[in-house]
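Structure file my_file.cif with mmCIF, C-alpha atoms:
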```cif
data_model
#
loop_
_atom_site.label_atom_id
_atom_site.label_comp_id
_atom_site.auth_asym_id
_atom_site.auth_seq_id
_atom_site.Cartn_x
_atom_site.Cartn_y
_atom_site.Cartn_z
CA MET A 1 0.00 0.00 0.00
CA THR A 2 1.28 3.46 -0.86
CA ALA A 3 1.56 5.76 2.11
CA THR A 4 -0.48 8.95 2.04
CA PRO A 5 1.88 11.88 1.31
CA LEU A 6 2.43 14.20 4.24
CA THR A 7 1.52 17.74 3.20
CA GLN A 8 3.24 20.87 4.46
CA ARG A 9 -0.08 21.96 5.95
CA ALA A 10 -0.31 18.73 7.95
CA VAL A 11 3.25 19.20 9.21
CA ALA A 12 2.44 22.77 10.19
CA ARG A 13 -0.69 21.76 12.09
CA PHE A 14 1.21 19.12 14.05
CA TRP A 15 4.17 21.42 14.79
CA ALA A 16 2.41 24.76 15.43
CA PRO A 17 1.37 24.08 19.07
CA LEU A 18 4.96 23.07 19.86
CA ALA A 19 6.22 26.26 18.27
CA ILE A 20 3.78 28.25 20.38
CA THR A 21 5.06 26.39 23.43
CA TRP A 22 8.65 27.37 22.73
CA LEU A 23 7.59 30.91 21.88
CA PHE A 24 5.89 31.17 25.25
CA MET A 25 9.12 30.03 26.89
CA ALA A 26 11.11 32.48 24.81
CA VAL A 27 8.94 35.34 26.05
CA GLU A 28 9.93 34.54 29.65
CA GLY A 29 13.47 35.83 29.27
CA PRO A 30 12.71 39.24 27.75
CA PHE A 31 9.74 39.74 30.11
CA LEU A 32 11.73 39.05 33.27
CA ALA A 33 14.76 40.97 31.99
CA ALA A 34 12.47 43.94 31.31
CA VAL A 35 11.05 43.70 34.85
CA ILE A 36 14.52 43.51 36.39
CA ALA A 37 15.81 46.37 34.22
CA ARG A 38 13.14 48.66 35.67
CA LEU A 39 13.92 47.84 39.32
CA PRO A 40 16.74 49.29 41.48
CA GLU A 41 20.35 48.39 40.56
CA PRO A 42 19.45 46.88 37.18
CA THR A 43 23.01 46.16 36.04
CA HIS A 44 23.94 44.05 39.08
CA ASN A 45 20.57 42.31 39.15
CA LEU A 46 20.55 41.52 35.44
CA ALA A 47 24.05 40.10 35.78
CA ALA A 48 23.06 38.01 38.84
CA TYR A 49 19.89 36.75 37.18
CA GLY A 50 21.90 35.75 34.10
CA VAL A 51 24.48 33.86 36.17
CA ALA A 52 21.86 32.09 38.32
CA PHE A 53 19.86 31.11 35.27
CA ALA A 54 22.99 29.81 33.53
CA ILE A 55 23.88 27.62 36.55
CA ALA A 56 20.30 26.33 36.90
CA ILE A 57 20.15 25.49 33.20
CA LEU A 58 23.43 23.59 33.46
CA VAL A 59 22.12 21.54 36.41
CA GLU A 60 18.87 20.91 34.56
CA ALA A 61 20.63 19.83 31.36
CA PRO A 62 20.45 16.02 31.84
CA VAL A 63 16.64 16.03 31.74
CA ILE A 64 16.07 18.39 28.81
CA MET A 65 16.08 15.57 26.26
CA MET A 66 13.51 13.61 28.25
CA MET A 67 10.76 14.95 25.97
CA SER A 68 12.56 13.55 22.91
CA ALA A 69 13.14 10.24 24.69
CA SER A 70 9.52 9.96 25.77
CA THR A 71 8.31 10.83 22.26
CA ALA A 72 10.59 8.23 20.68
CA LEU A 73 10.34 5.36 23.17
CA VAL A 74 6.96 5.22 24.95
CA ASP A 75 4.93 2.78 22.86
CA SER A 76 3.42 0.62 25.63
CA TRP A 77 2.36 0.73 29.27
CA ARG A 78 5.45 -1.20 30.37
CA THR A 79 7.79 1.12 28.51
CA PHE A 80 5.96 4.10 30.01
CA ARG A 81 6.45 2.78 33.55
CA ARG A 82 10.09 1.94 33.00
CA LEU A 83 10.96 5.31 31.46
CA ARG A 84 8.99 7.08 34.22
CA VAL A 85 11.13 5.43 36.90
CA PHE A 86 14.22 6.39 34.92
CA ALA A 87 13.00 10.01 34.71
CA HIS A 88 12.24 10.20 38.44
CA GLY A 89 15.76 9.01 39.20
CA LEU A 90 17.24 11.70 36.98
CA ASN A 91 15.08 14.35 38.64
CA ALA A 92 16.24 13.33 42.10
CA GLY A 93 19.87 13.36 40.99
CA ILE A 94 19.82 16.86 39.50
CA THR A 95 18.04 18.26 42.57
CA ALA A 96 20.85 16.86 44.72
CA ILE A 97 23.40 18.54 42.43
CA MET A 98 21.56 21.86 42.75
CA LEU A 99 21.75 21.60 46.54
CA LEU A 100 25.45 20.73 46.34
CA VAL A 101 26.16 23.90 44.37
CA LEU A 102 24.69 25.91 47.25
CA VAL A 103 26.98 24.46 49.92
CA PRO A 104 28.93 27.62 50.94
CA PRO A 105 32.49 26.37 50.22
CA VAL A 106 31.39 24.98 46.84
CA TYR A 107 29.53 28.17 45.99
CA ARG A 108 32.46 30.39 47.00
CA PHE A 109 34.79 28.38 44.78
CA LEU A 110 32.35 28.49 41.87
CA THR A 111 31.55 32.20 41.96
CA GLY A 112 34.85 33.47 43.36
CA SER A 113 37.78 31.35 42.20
CA LEU A 114 36.14 30.05 39.02
CA LEU A 115 33.83 32.81 37.78
CA GLY A 116 35.39 35.80 39.53
CA LEU A 117 32.04 37.44 40.18
CA ASP A 118 31.62 40.84 41.79
CA GLN A 119 30.64 40.41 45.49
CA VAL A 120 27.28 42.11 45.00
CA VAL A 121 26.48 39.91 42.01
CA ALA A 122 27.61 36.78 43.91
CA ARG A 123 25.29 37.60 46.85
CA LEU A 124 22.32 38.22 44.59
CA THR A 125 23.04 35.03 42.64
CA TYR A 126 23.19 32.87 45.80
CA VAL A 127 19.64 33.72 46.91
CA SER A 128 18.42 33.43 43.32
CA LEU A 129 19.71 29.85 43.15
CA TRP A 130 17.89 28.91 46.35
CA LEU A 131 14.70 30.19 44.77
CA LEU A 132 15.43 28.06 41.68
CA ILE A 133 15.72 24.76 43.64
CA PRO A 134 12.40 23.34 42.28
CA TRP A 135 13.23 24.33 38.69
CA PRO A 136 15.32 21.34 37.42
CA ALA A 137 13.11 18.50 38.67
CA ALA A 138 9.93 20.28 37.57
CA ILE A 139 11.41 20.63 34.08
CA GLY A 140 12.24 16.93 33.92
CA TYR A 141 8.81 15.93 35.19
CA ARG A 142 6.86 18.02 32.70
CA ARG A 143 9.07 17.12 29.73
CA PHE A 144 8.46 13.41 30.34
CA TYR A 145 4.69 13.93 30.18
CA GLN A 146 4.92 16.37 27.28
CA GLY A 147 6.68 13.67 25.25
CA LEU A 148 3.74 11.38 25.99
CA LEU A 149 1.34 14.05 24.71
CA ILE A 150 3.37 14.58 21.52
CA ARG A 151 3.50 10.86 20.76
CA ALA A 152 -0.28 10.72 21.18
CA GLY A 153 -0.65 13.60 18.71
CA LEU A 154 -1.96 15.97 21.40
CA THR A 155 0.48 18.77 20.71
CA ARG A 156 -2.06 21.46 21.58
CA ARG A 157 -2.08 20.32 25.19
CA VAL A 158 1.65 20.96 25.36
CA ALA A 159 0.94 24.57 24.38
CA TYR A 160 -1.84 24.81 26.98
CA GLY A 161 0.58 23.71 29.68
CA THR A 162 3.11 26.32 28.71
CA ALA A 163 0.40 28.98 28.73
CA VAL A 164 -0.21 28.00 32.35
CA ARG A 165 3.53 28.35 32.98
CA LEU A 166 3.66 31.82 31.43
CA ALA A 167 0.63 32.97 33.38
CA GLY A 168 2.07 31.68 36.66
CA MET A 169 5.44 33.26 35.98
CA GLY A 170 3.98 36.62 34.96
CA ALA A 171 1.56 36.79 37.87
CA THR A 172 4.31 35.95 40.36
CA ALA A 173 6.63 38.61 38.93
CA LEU A 174 3.96 41.30 38.95
CA VAL A 175 2.73 40.48 42.46
CA LEU A 176 6.23 40.36 43.96
CA THR A 177 7.13 43.63 42.25
CA ALA A 178 4.00 45.30 43.59
CA ILE A 179 3.98 44.10 47.20
CA THR A 180 7.64 43.45 48.07
CA LYS A 181 11.01 45.15 47.85
CA MET A 182 12.81 42.00 46.72
CA ALA A 183 15.86 42.40 44.50
CA GLY A 184 15.13 42.09 40.79
CA ALA A 185 17.22 38.92 40.40
CA TRP A 186 15.25 37.25 43.21
CA ILE A 187 11.93 38.19 41.67
CA GLY A 188 13.07 36.72 38.36
CA ALA A 189 14.16 33.44 39.97
CA ALA A 190 11.02 33.05 42.08
CA SER A 191 8.83 33.73 39.07
CA LEU A 192 10.58 31.11 36.96
CA SER A 193 10.15 28.45 39.65
CA ALA A 194 6.48 29.25 40.19
CA GLY A 195 5.73 29.13 36.48
CA VAL A 196 7.45 25.83 35.74
CA CYS A 197 5.90 24.09 38.77
CA ALA A 198 2.46 25.14 37.55
CA GLU A 199 3.28 23.80 34.08
CA ALA A 200 4.50 20.47 35.46
CA LEU A 201 1.22 19.93 37.30
CA ALA A 202 -0.82 20.93 34.24
CA SER A 203 1.16 18.57 31.98
CA ARG A 204 0.57 15.63 34.33
CA LEU A 205 -3.17 16.30 34.43
CA MET A 206 -3.46 16.69 30.65
CA ALA A 207 -1.52 13.46 30.05
CA ALA A 208 -4.04 11.43 32.04
CA GLY A 209 -5.90 10.37 28.86
CA PRO A 210 -2.86 9.03 26.94
CA ARG A 211 -1.69 7.38 30.15
CA ARG A 212 -5.02 5.56 30.55
CA ALA A 213 -4.95 4.57 26.88
CA LEU A 214 -1.55 2.94 27.35
CA LYS A 215 -2.80 1.08 30.40
CA ARG A 216 -5.96 -0.11 28.61
CA GLY A 217 -3.84 -1.39 25.73
CA HIS A 218 -1.73 -3.46 28.09
CA ARG A 219 -1.80 -7.14 27.05
CA PRO A 220 -0.30 -10.33 28.46
CA GLU A 221 3.49 -10.36 28.62
CA GLU A 222 3.96 -12.92 25.87
CA ALA A 223 1.98 -10.86 23.35
CA LEU A 224 4.18 -7.78 23.76
CA PRO A 225 7.44 -6.89 22.06
CA PRO A 226 10.52 -6.69 24.29
CA VAL A 227 10.63 -3.69 26.60
CA PRO A 228 14.00 -1.90 26.84
CA THR A 229 15.85 -2.58 30.06
CA TYR A 230 17.12 0.23 32.26
CA THR A 231 20.57 -0.45 30.85
CA GLN A 232 19.27 -0.08 27.30
CA ILE A 233 17.39 3.10 28.19
CA GLY A 234 20.54 4.42 29.79
CA SER A 235 22.62 3.60 26.70
CA PHE A 236 20.09 5.41 24.52
CA TYR A 237 19.66 8.38 26.83
CA ALA A 238 23.18 8.92 28.17
CA PRO A 239 24.49 10.55 24.95
CA LEU A 240 21.43 12.81 24.88
CA ALA A 241 21.93 13.82 28.51
CA MET A 242 25.64 14.42 27.92
CA THR A 243 24.76 16.46 24.85
CA MET A 244 22.64 18.84 26.90
CA VAL A 245 25.17 19.00 29.74
CA LEU A 246 27.84 20.05 27.26
CA THR A 247 25.45 22.43 25.51
CA MET A 248 24.49 24.11 28.75
CA ALA A 249 28.11 24.18 29.88
CA ALA A 250 28.66 26.71 27.13
CA SER A 251 26.76 29.41 29.03
CA PRO A 252 28.76 29.22 32.31
CA MET A 253 31.93 28.87 30.27
CA VAL A 254 31.12 32.05 28.38
CA THR A 255 30.40 33.71 31.73
CA PHE A 256 33.82 32.56 32.96
CA PHE A 257 35.54 34.22 30.00
CA MET A 258 33.53 37.41 30.51
CA GLY A 259 35.33 37.98 33.82
CA GLY A 260 38.63 38.46 31.97
CA ALA A 261 37.23 40.26 28.94
CA LYS A 262 36.91 43.94 28.15
CA HIS A 263 33.83 45.55 29.77
CA PRO A 264 32.90 42.46 31.85
CA LEU A 265 29.98 43.87 33.86
CA GLU A 266 28.28 45.38 30.82
CA SER A 267 28.76 42.14 28.90
CA LEU A 268 27.23 40.07 31.71
CA ALA A 269 24.30 42.47 31.85
CA VAL A 270 23.44 42.39 28.13
CA LEU A 271 24.04 38.71 27.37
CA PRO A 272 20.72 37.54 28.94
CA VAL A 273 18.89 40.18 26.89
CA VAL A 274 20.67 39.23 23.66
CA ASN A 275 20.24 35.49 24.24
CA SER A 276 16.56 35.94 25.01
CA LEU A 277 15.95 37.82 21.74
CA VAL A 278 17.86 35.29 19.65
CA PHE A 279 16.03 32.46 21.39
CA ILE A 280 12.68 33.89 20.29
CA PHE A 281 13.74 33.48 16.65
CA ARG A 282 15.38 30.11 17.30
CA THR A 283 12.22 28.64 18.85
CA PRO A 284 10.43 27.68 15.59
CA GLY A 285 13.38 25.54 14.51
CA VAL A 286 14.16 24.15 17.96
CA SER A 287 10.51 23.23 18.55
CA PHE A 288 10.48 21.17 15.39
CA GLN A 289 12.78 18.48 16.84
CA GLU A 290 10.10 16.50 18.70
CA ALA A 291 7.60 17.02 15.87
CA ALA A 292 10.10 15.60 13.39
CA ILE A 293 10.82 12.60 15.66
CA ALA A 294 7.10 11.82 15.90
CA LEU A 295 6.47 12.25 12.16
CA LEU A 296 9.50 10.21 11.09
CA GLY A 297 8.43 7.54 13.57
CA ARG A 298 5.24 7.09 11.51
CA GLY A 299 7.28 6.21 8.43
CA TRP A 300 10.36 7.40 6.56
CA HIS A 301 8.25 8.29 3.55
CA ASN A 302 7.72 11.48 5.58
CA LEU A 303 11.41 12.42 5.33
CA ARG A 304 11.13 14.71 2.31
CA PRO A 305 8.23 16.88 3.57
CA VAL A 306 9.82 17.06 7.02
CA LEU A 307 13.12 18.25 5.53
CA ARG A 308 11.33 20.75 3.30
CA PHE A 309 9.47 22.21 6.26
CA SER A 310 12.68 22.45 8.29
CA LEU A 311 14.41 24.44 5.54
CA MET A 312 11.45 26.80 5.37
CA LEU A 313 11.72 27.41 9.11
CA ALA A 314 15.44 28.10 8.82
CA ALA A 315 14.99 30.71 6.10
CA THR A 316 12.04 32.56 7.61
CA THR A 317 13.38 32.81 11.17
CA MET A 318 16.79 34.03 10.07
CA THR A 319 15.17 36.64 7.85
CA GLY A 320 12.95 37.83 10.70
CA LEU A 321 15.85 38.34 13.12
CA THR A 322 17.90 40.09 10.45
CA ILE A 323 15.10 42.58 9.77
CA LEU A 324 14.67 43.32 13.47
CA VAL A 325 18.31 43.96 14.36
CA TRP A 326 19.38 45.79 11.19
CA THR A 327 16.53 48.31 11.12
CA PRO A 328 15.23 51.00 13.52
CA LEU A 329 13.15 48.23 15.13
CA ALA A 330 16.31 47.34 17.06
CA GLY A 331 16.07 50.58 19.03
CA VAL A 332 12.40 49.93 19.80
CA TRP A 333 13.21 46.46 21.12
CA PHE A 334 16.30 47.17 23.20
CA ARG A 335 15.29 50.60 24.54
CA ARG A 336 11.51 50.36 24.97
CA VAL A 337 10.88 46.65 25.39
CA ALA A 338 14.07 45.45 27.09
CA GLY A 339 14.56 48.74 28.93
CA LEU A 340 18.31 48.98 28.30
CA SER A 341 20.20 52.23 28.67
CA PRO A 342 21.82 53.66 25.50
CA GLU A 343 25.21 52.45 26.74
CA LEU A 344 24.04 48.85 27.29
CA MET A 345 22.10 48.90 24.02
CA ALA A 346 25.32 49.57 22.10
CA PHE A 347 26.88 46.41 23.56
CA ALA A 348 23.75 44.36 22.86
CA LEU A 349 23.32 45.52 19.28
CA THR A 350 26.83 44.56 18.19
CA SER A 351 26.43 41.08 19.66
CA VAL A 352 22.98 40.30 18.29
CA ARG A 353 23.91 41.32 14.75
CA ILE A 354 26.65 38.68 14.79
CA LEU A 355 24.07 36.06 15.81
CA VAL A 356 21.58 36.52 12.94
CA LEU A 357 22.51 33.10 11.49
CA MET A 358 21.68 31.25 14.72
CA PRO A 359 17.99 30.62 13.94
CA ALA A 360 18.89 28.86 10.68
CA LEU A 361 21.68 26.84 12.29
CA GLY A 362 19.33 25.89 15.13
CA ALA A 363 16.67 24.61 12.73
CA LEU A 364 19.31 22.55 10.94
CA GLN A 365 20.53 21.12 14.24
CA ALA A 366 16.98 20.18 15.26
CA ILE A 367 16.29 18.13 12.14
CA GLN A 368 19.73 16.52 12.32
CA ARG A 369 19.13 15.43 15.91
CA ALA A 370 15.62 14.21 15.12
CA ILE A 371 16.87 11.95 12.35
CA LEU A 372 19.55 10.41 14.54
CA ILE A 373 17.27 9.97 17.56
CA ASP A 374 14.64 8.25 15.43
CA VAL A 375 17.15 5.65 14.23
CA ARG A 376 18.51 5.27 17.82
CA LYS A 377 21.97 6.64 16.91
CA THR A 378 22.49 9.16 19.68
CA ARG A 379 26.29 9.13 20.02
CA PRO A 380 26.93 11.47 17.06
CA VAL A 381 24.65 14.02 18.74
CA THR A 382 27.11 14.13 21.64
CA GLY A 383 30.08 14.28 19.28
CA ALA A 384 28.63 17.33 17.56
CA THR A 385 28.12 19.06 20.89
CA VAL A 386 31.72 18.35 21.92
CA THR A 387 32.82 19.88 18.62
CA GLU A 388 30.64 22.93 19.26
CA LEU A 389 31.98 23.39 22.79
CA VAL A 390 35.60 23.06 21.67
CA GLY A 391 34.92 25.61 18.95
CA ILE A 392 33.39 28.08 21.43
CA THR A 393 36.34 27.68 23.79
CA ALA A 394 38.91 28.15 21.05
CA VAL A 395 37.24 31.27 19.68
CA LEU A 396 36.89 32.79 23.16
CA MET A 397 40.53 32.15 23.95
CA VAL A 398 41.58 33.92 20.77
CA THR A 399 39.12 36.82 20.93
CA VAL A 400 39.31 37.49 24.68
CA ARG A 401 42.83 36.48 25.66
CA LEU A 402 44.73 37.38 22.48
CA LEU A 403 42.66 40.06 20.73
CA GLY A 404 41.19 41.76 23.80
CA MET A 405 37.70 42.02 22.30
CA THR A 406 34.68 43.25 24.26
CA GLY A 407 33.19 40.30 26.13
CA ALA A 408 29.71 40.38 24.61
CA THR A 409 31.07 40.61 21.06
CA ALA A 410 33.54 37.78 21.63
CA ALA A 411 30.80 35.60 23.13
CA ALA A 412 28.50 36.11 20.14
CA LEU A 413 31.24 35.25 17.65
CA ALA A 414 32.20 32.14 19.61
CA ILE A 415 28.61 30.90 19.90
CA LEU A 416 28.02 31.32 16.16
CA LEU A 417 31.20 29.59 14.99
CA GLY A 418 30.84 26.80 17.55
CA ARG A 419 27.31 26.00 16.37
CA LEU A 420 28.42 26.00 12.73
CA ALA A 421 31.15 23.46 13.55
CA GLY A 422 28.59 21.22 15.28
CA ASN A 423 26.25 21.35 12.28
CA ILE A 424 29.05 20.34 9.93
CA TYR A 425 30.00 17.43 12.22
CA LEU A 426 26.45 16.00 12.06
CA LEU A 427 26.15 16.00 8.28
CA PRO A 428 27.83 12.60 7.51
CA PRO A 429 25.98 10.54 10.19
CA CYS A 430 22.69 12.19 9.21
CA LEU A 431 23.13 11.32 5.54
CA SER A 432 23.95 7.73 6.52
CA ALA A 433 20.91 7.55 8.82
CA CYS A 434 18.65 8.91 6.09
CA ARG A 435 19.80 6.28 3.62
CA SER A 436 19.27 3.50 6.20
CA GLY A 437 15.86 4.81 7.24
CA VAL A 438 14.57 5.15 3.68
CA ARG A 439 15.83 1.68 2.76
CA ALA A 440 14.12 0.18 5.83
CA SER A 441 10.89 1.98 4.95
CA ILE A 442 10.96 0.66 1.39
CA THR A 443 11.69 -2.92 2.40
CA GLY A 444 9.20 -2.83 5.27
CA THR A 445 11.81 -3.59 7.96
CA GLY A 446 11.53 -0.26 9.76
#
```
Full structure transcribed into structure tokens:
Amino acid sequence: MTATPLTQRAVARFWAPLAITWLFMAVEGPFLAAVIARLPEPTHNLAAYGVAFAIAILVEAPVIMMMSASTALVDSWRTFRRLRVFAHGLNAGITAIMLLVLVPPVYRFLTGSLLGLDQVVARLTYVSLWLLIPWPAAIGYRRFYQGLLIRAGLTRRVAYGTAVRLAGMGATALVLTAITKMAGAWIGAASLSAGVCAEALASRLMAAGPRRALKRGHRPEEALPPVPTYTQIGSFYAPLAMTMVLTMAASPMVTFFMGGAKHPLESLAVLPVVNSLVFIFRTPGVSFQEAAIALLGRGWHNLRPVLRFSLMLAATTMTGLTILVWTPLAGVWFRRVAGLSPELMAFALTSVRILVLMPALGALQAIQRAILIDVRKTRPVTGATVTELVGITAVLMVTVRLLGMTGATAAALAILLGRLAGNIYLLPPCLSACRSGVRASITGTG
């Protein structure tokens, strides 16, 4: 039987709620940065919020790919239960790591000896991290259930959950700003934790239907295909977890180099604003990863329309960011929306103009990862991230240590070139995976 061709409209309908989800998350950064920028001592608080967020993201990294794993693996009640136990173990582990970071001697080494933070920024960051304690495990919990929703085709519910997150985060920020005199960095951290906890609960409730469907479909043991063991799940997931750890290590590493760069405080202050803006335009491509995994999992005859849609995302998002940062709209964004001073805007504008290619490179990375995850070849994903991290480090060493460039400019150049190196690394294994997947689809073995 000939498979029904997958239209671009069908791809768009499946992906759109996921894109909205990521867009909601992308709005968090600019919103909270704008709130912090309008409170007392904005430079120190923006810097502290950026450092705390970078550390929390690094701790959270091992669970970020849980949504991809859940989308790709959960095909039965037994697999669901096994992966759920695996996810709970990961969540407990990263919470323990978060607490370890806050042990005073460890924290002093991290922020003093390693990062060289200003004492005011270090104090603000410490309390911010305490407020972010629930963040990593809540992220892992909700991503596990979001993967279940995506596999069931209920992508709209993922968007609903993130709307709950955004509402909880925004309400917390506005209430704390109105009724307390908390530091801006602390308000940002508390708001993030409140929002993601609300989203985790909403995701669990909305996944009740797919969960019941899996349980109803449970049949006697002998009638079921083999369920992956914890060792097999670990072998599949470990490269994905390591990939995100290395990816998130880039942010603290960049922060480390900022301490020895030209204009370090200004660079630390504008990087969260720049990264938040670029992330908004990266979200359409990034959000396509789980959609592509789910669509390819239905048959490799979907490869061509999935690739076509990915290229369209790359072109349109890059064009959008370019128009924003190379026209007078840049002043509207950085001055009126982000609330930056003219001095900080100058640092931000130089950096973001270097990063206009990032949305396209992010979309390419998403489809490359989706292809490899679908065929269960996750090791090259880690190899590409190692390549990216090495590239970032090398560029920062040259631009900061040898050329004495402004920190924010050096960071943007390093991030761009590192990502490009990672994309190039993934090309050969992706081409090989595509050939294997298409052959299996034609012969009926995959």
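Candidate residues A:Arg156, A:Arg211, A:Arg401, A:Arg143 were compared for distance to Gly260 in chain A, and the nearest is A:Arg401, using only C-alpha atoms.
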I'd like the interatomic distance between CA of Val245 in chain A and CA of Ala61 in chain A, to a tenth of an Å.
4.9 Å
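Residue nearest Ala394 in chain A, chosen from A:Thr71, A:Phe257, A:Leu265, A:Ala314 and counting only C-alpha atoms: A:Phe257.
Taking CA of Phe14 in chain A and CA of Tyr160 in chain A as the two end points, the separation is 14.5 Å.
Relative to CA of Val274 in chain A, CA of Phe24 in chain A is found at 16.9 Å.
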Give as a count of residues only the residues that the PyMOL selection byres ((chain A and resi 184) around 7) matches when applied to the coordinates above.
9
Would you save range 255-283 of chain A from the block above with C-alpha atoms, as a PDB file, in the first residue's frame?
```
ATOM      1  CA  THR A 255      30.399  33.707  31.734  1.00  0.00           C
ATOM      2  CA  PHE A 256      33.822  32.563  32.958  1.00  0.00           C
ATOM      3  CA  PHE A 257      35.541  34.215  30.003  1.00  0.00           C
ATOM      4  CA  MET A 258      33.533  37.414  30.514  1.00  0.00           C
ATOM      5  CA  GLY A 259      35.330  37.983  33.820  1.00  0.00           C
ATOM      6  CA  GLY A 260      38.628  38.456  31.970  1.00  0.00           C
ATOM      7  CA  ALA A 261      37.232  40.256  28.941  1.00  0.00           C
ATOM      8  CA  LYS A 262      36.914  43.944  28.147  1.00  0.00           C
ATOM      9  CA  HIS A 263      33.831  45.551  29.774  1.00  0.00           C
ATOM     10  CA  PRO A 264      32.898  42.455  31.848  1.00  0.00           C
ATOM     11  CA  LEU A 265      29.983  43.871  33.860  1.00  0.00           C
ATOM     12  CA  GLU A 266      28.282  45.377  30.821  1.00  0.00           C
ATOM     13  CA  SER A 267      28.764  42.139  28.897  1.00  0.00           C
ATOM     14  CA  LEU A 268      27.232  40.066  31.706  1.00  0.00           C
ATOM     15  CA  ALA A 269      24.296  42.470  31.846  1.00  0.00           C
ATOM     16  CA  VAL A 270      23.438  42.395  28.127  1.00  0.00           C
ATOM     17  CA  LEU A 271      24.039  38.715  27.369  1.00  0.00           C
ATOM     18  CA  PRO A 272      20.723  37.544  28.942  1.00  0.00           C
ATOM     19  CA  VAL A 273      18.891  40.177  26.891  1.00  0.00           C
ATOM     20  CA  VAL A 274      20.665  39.227  23.658  1.00  0.00           C
ATOM     21  CA  ASN A 275      20.244  35.494  24.237  1.00  0.00           C
ATOM     22  CA  SER A 276      16.559  35.942  25.008  1.00  0.00           C
ATOM     23  CA  LEU A 277      15.946  37.815  21.745  1.00  0.00           C
ATOM     24  CA  VAL A 278      17.863  35.290  19.646  1.00  0.00           C
ATOM     25  CA  PHE A 279      16.034  32.459  21.394  1.00  0.00           C
ATOM     26  CA  ILE A 280      12.682  33.888  20.290  1.00  0.00           C
ATOM     27  CA  PHE A 281      13.738  33.480  16.651  1.00  0.00           C
ATOM     28  CA  ARG A 282      15.375  30.112  17.301  1.00  0.00           C
ATOM     29  CA  THR A 283      12.219  28.644  18.846  1.00  0.00           C
TER      30      THR A 283
END
```
